[in-house]
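Worksheet for the structure shown next.
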Amino acid sequence: MPEKLDLANVPLRPASRREILLLETGLIVGTLYRPDIMELIRDPLERATWLDSLAVAAAALAREKAGYTVSQIAEELGRSETTIRAHLSGKTKAGKIVRETYEILARGQLELVIPFTLPACGEAEEELKRLKEENEKLRRELEKCSEVDEVRRQLEEIRSRLEELEGEKREMEKELERCRGQASLLEEARKLLCRAG
(Lines give C-alpha, C1' and ligand atoms only; values in the text may rest on other atoms or scores of the structure.)
Protein backbone atom coordinates (compact mmCIF):
# COMPACT_ATOMS: atom_id res chain seq x y z
CA MET A 1 0.00 0.00 0.00
CA PRO A 2 1.46 3.39 -0.95
CA GLU A 3 2.51 5.68 1.86
CA LYS A 4 1.84 9.38 1.85
CA LEU A 5 4.74 11.77 2.12
CA ASP A 6 3.37 14.53 4.28
CA LEU A 7 6.10 17.15 4.23
CA ALA A 8 4.89 18.55 7.53
CA ASN A 9 5.80 15.23 9.20
CA VAL A 10 9.12 14.46 7.56
CA PRO A 11 11.72 13.64 10.24
CA LEU A 12 14.31 16.43 10.40
CA ARG A 13 16.75 14.20 12.32
CA PRO A 14 16.26 10.74 10.79
CA ALA A 15 17.08 7.76 12.99
CA SER A 16 16.53 4.92 10.53
CA ARG A 17 17.02 4.08 6.86
CA ARG A 18 13.33 4.64 6.24
CA GLU A 19 13.44 8.08 7.87
CA ILE A 20 16.54 9.00 5.84
CA LEU A 21 14.61 8.09 2.67
CA LEU A 22 11.63 10.12 3.85
CA LEU A 23 13.79 13.20 4.52
CA GLU A 24 15.68 12.73 1.26
CA THR A 25 12.43 12.41 -0.69
CA GLY A 26 10.93 15.39 1.14
CA LEU A 27 13.96 17.51 0.28
CA ILE A 28 13.88 16.48 -3.38
CA VAL A 29 10.13 16.96 -3.77
CA GLY A 30 10.09 20.16 -1.75
CA THR A 31 12.96 21.56 -3.80
CA LEU A 32 11.57 20.53 -7.19
CA TYR A 33 8.20 22.15 -6.50
CA ARG A 34 9.73 25.51 -5.59
CA PRO A 35 8.86 27.99 -8.38
CA ASP A 36 12.46 29.19 -8.73
CA ILE A 37 13.70 25.62 -9.22
CA MET A 38 10.92 24.75 -11.65
CA GLU A 39 12.15 27.66 -13.76
CA LEU A 40 15.78 26.43 -13.57
CA ILE A 41 14.91 22.92 -14.76
CA ARG A 42 12.64 24.09 -17.57
CA ASP A 43 15.60 23.95 -20.00
CA PRO A 44 15.96 20.28 -21.08
CA LEU A 45 19.73 20.66 -21.47
CA GLU A 46 20.08 21.83 -17.87
CA ARG A 47 17.46 19.48 -16.42
CA ALA A 48 19.54 16.29 -16.18
CA THR A 49 22.45 18.07 -14.53
CA TRP A 50 20.18 19.92 -12.11
CA LEU A 51 18.13 16.90 -11.17
CA ASP A 52 21.26 14.85 -10.51
CA SER A 53 22.91 17.62 -8.44
CA LEU A 54 19.75 18.27 -6.45
CA ALA A 55 19.26 14.55 -5.78
CA VAL A 56 22.85 14.14 -4.56
CA ALA A 57 22.64 17.28 -2.40
CA ALA A 58 19.34 16.09 -0.86
CA ALA A 59 20.70 12.59 -0.23
CA ALA A 60 23.86 14.03 1.34
CA LEU A 61 21.96 16.42 3.61
CA ALA A 62 19.51 13.71 4.75
CA ARG A 63 22.42 11.46 5.70
CA GLU A 64 24.29 14.30 7.41
CA LYS A 65 21.19 14.97 9.53
CA ALA A 66 21.19 11.26 10.43
CA GLY A 67 24.77 11.60 11.71
CA TYR A 68 26.69 10.09 8.81
CA THR A 69 30.26 11.26 8.24
CA VAL A 70 31.28 12.82 4.94
CA SER A 71 33.22 9.68 3.98
CA GLN A 72 30.20 7.46 4.75
CA ILE A 73 27.95 9.70 2.66
CA ALA A 74 30.45 9.76 -0.22
CA GLU A 75 30.77 5.98 -0.21
CA GLU A 76 27.02 5.37 -0.04
CA LEU A 77 26.24 7.88 -2.81
CA GLY A 78 29.21 6.98 -5.01
CA ARG A 79 30.55 10.56 -5.06
CA SER A 80 33.83 12.09 -3.95
CA GLU A 81 34.19 13.54 -0.47
CA THR A 82 35.00 16.86 -2.11
CA THR A 83 31.65 16.83 -3.93
CA ILE A 84 29.78 15.90 -0.76
CA ARG A 85 31.53 18.63 1.28
CA ALA A 86 30.76 21.19 -1.44
CA HIS A 87 27.05 20.27 -1.36
CA LEU A 88 26.86 20.21 2.44
CA SER A 89 28.67 23.52 2.88
CA GLY A 90 26.45 25.25 0.29
CA LYS A 91 29.35 25.89 -2.09
CA THR A 92 27.29 24.36 -4.89
CA LYS A 93 24.07 25.96 -6.01
CA ALA A 94 22.25 22.63 -5.56
CA GLY A 95 23.61 22.27 -2.00
CA LYS A 96 22.56 25.80 -1.12
CA ILE A 97 19.07 25.33 -2.56
CA VAL A 98 18.51 21.99 -0.81
CA ARG A 99 19.65 23.48 2.52
CA GLU A 100 17.15 26.35 1.97
CA THR A 101 14.45 23.73 1.37
CA TYR A 102 15.47 22.00 4.60
CA GLU A 103 15.08 25.29 6.50
CA ILE A 104 11.65 25.87 4.93
CA LEU A 105 10.72 22.30 5.86
CA ALA A 106 11.98 22.84 9.44
CA ARG A 107 9.77 25.93 9.75
CA GLY A 108 6.79 23.83 8.62
CA GLN A 109 6.19 25.92 5.50
CA LEU A 110 6.12 23.06 2.95
CA GLU A 111 2.61 21.65 2.67
CA LEU A 112 2.65 19.39 -0.37
CA VAL A 113 1.21 15.93 0.18
CA ILE A 114 2.38 13.56 -2.55
CA PRO A 115 1.65 9.83 -2.74
CA PHE A 116 4.66 7.61 -3.22
CA THR A 117 5.76 4.06 -2.71
CA LEU A 118 9.15 3.13 -1.31
CA PRO A 119 10.85 0.73 -3.73
CA ALA A 120 11.55 -2.82 -2.64
CA CYS A 121 15.14 -3.35 -1.50
CA GLY A 122 16.02 -5.35 -4.62
CA GLU A 123 14.63 -2.64 -6.89
CA ALA A 124 16.42 0.07 -4.92
CA GLU A 125 19.71 -1.82 -5.10
CA GLU A 126 19.33 -2.33 -8.86
CA GLU A 127 18.50 1.35 -9.32
CA LEU A 128 21.44 2.33 -7.13
CA LYS A 129 23.74 0.07 -9.15
CA ARG A 130 22.46 1.56 -12.41
CA LEU A 131 22.89 5.10 -11.10
CA LYS A 132 26.42 4.35 -9.88
CA GLU A 133 27.35 2.98 -13.31
CA GLU A 134 25.85 6.02 -15.01
CA ASN A 135 27.64 8.28 -12.54
CA GLU A 136 30.96 6.54 -13.26
CA LYS A 137 30.42 6.95 -17.01
CA LEU A 138 29.66 10.66 -16.56
CA ARG A 139 32.68 11.06 -14.26
CA ARG A 140 34.97 9.55 -16.93
CA GLU A 141 33.50 11.90 -19.54
CA LEU A 142 34.04 14.84 -17.19
CA GLU A 143 37.66 13.80 -16.65
CA LYS A 144 38.15 13.74 -20.42
CA CYS A 145 36.74 17.27 -20.59
CA SER A 146 39.12 18.33 -17.82
CA GLU A 147 42.03 16.79 -19.72
CA VAL A 148 41.01 18.67 -22.88
CA ASP A 149 40.81 21.90 -20.89
CA GLU A 150 44.31 21.26 -19.49
CA VAL A 151 45.69 20.60 -22.99
CA ARG A 152 44.04 23.82 -24.22
CA ARG A 153 45.58 25.74 -21.33
CA GLN A 154 49.03 24.29 -22.07
CA LEU A 155 48.61 25.06 -25.78
CA GLU A 156 47.73 28.65 -24.92
CA GLU A 157 50.86 28.89 -22.75
CA ILE A 158 52.95 27.51 -25.63
CA ARG A 159 51.42 30.01 -28.07
CA SER A 160 52.12 32.84 -25.66
CA ARG A 161 55.73 31.70 -25.22
CA LEU A 162 56.13 31.40 -29.01
CA GLU A 163 54.95 34.99 -29.41
CA GLU A 164 57.50 36.08 -26.80
CA LEU A 165 60.25 34.16 -28.61
CA GLU A 166 59.21 35.68 -31.95
CA GLY A 167 59.55 39.12 -30.37
CA GLU A 168 62.97 38.24 -28.96
CA LYS A 169 64.01 36.88 -32.38
CA ARG A 170 63.01 40.15 -34.07
CA GLU A 171 65.00 42.12 -31.49
CA MET A 172 68.04 39.89 -32.04
CA GLU A 173 67.77 40.30 -35.82
CA LYS A 174 67.74 44.08 -35.37
CA GLU A 175 70.77 43.84 -33.08
CA LEU A 176 72.53 41.58 -35.60
CA GLU A 177 71.90 44.10 -38.39
CA ARG A 178 73.25 46.87 -36.16
CA CYS A 179 76.34 44.77 -35.38
CA ARG A 180 76.86 44.02 -39.10
CA GLY A 181 76.68 47.73 -39.80
CA GLN A 182 79.28 48.42 -37.13
CA ALA A 183 81.45 45.55 -38.40
CA SER A 184 81.29 47.04 -41.88
CA LEU A 185 82.36 50.44 -40.51
CA LEU A 186 85.18 48.83 -38.57
CA GLU A 187 86.34 46.98 -41.68
CA GLU A 188 86.38 50.25 -43.63
CA ALA A 189 88.32 51.92 -40.83
CA ARG A 190 90.83 49.04 -40.75
CA LYS A 191 91.38 49.31 -44.51
CA LEU A 192 91.94 53.05 -44.20
CA LEU A 193 94.42 52.54 -41.37
CA CYS A 194 96.26 49.90 -43.38
CA ARG A 195 96.61 52.26 -46.36
CA ALA A 196 97.66 55.11 -44.12
CA GLY A 197 100.12 53.02 -42.16
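Every chain in the C-alpha coordinates has a letter given in the order shown (A, B, ...), and although residue numbers restart at 1 in each chain, ligands are simply numbered from 1 in the order shown.
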I'd like the contact shell of segment 94-98 of chain A - 10 Å cut-off, only C-alpha atoms, skipping same-chain residues fewer than 5 positions apart - returned as a VMD selection string.
chain A and resid 24 27 to 28 30 to 32 34 36 to 37 50 to 61 83 to 89 103 to 104
When DSSP works through the backbone of this structure, what residues of chain A end up as helix (DSSP H, G or I), shown as a PyMOL selection string?
chain A and resi 7-9+17-32+35-40+44-65+70-77+81-88+93-106+121-196
One decimal, in Å: what's the spacing between atom CA of Cys145 of chain A and atom CA of Arg99 of chain A?
29.4 Å
Which one is closest to Lys129 of chain A: A:Glu39, A:Glu175, A:Glu76, A:Asp149? Count only C-alpha atoms.
A:Glu76
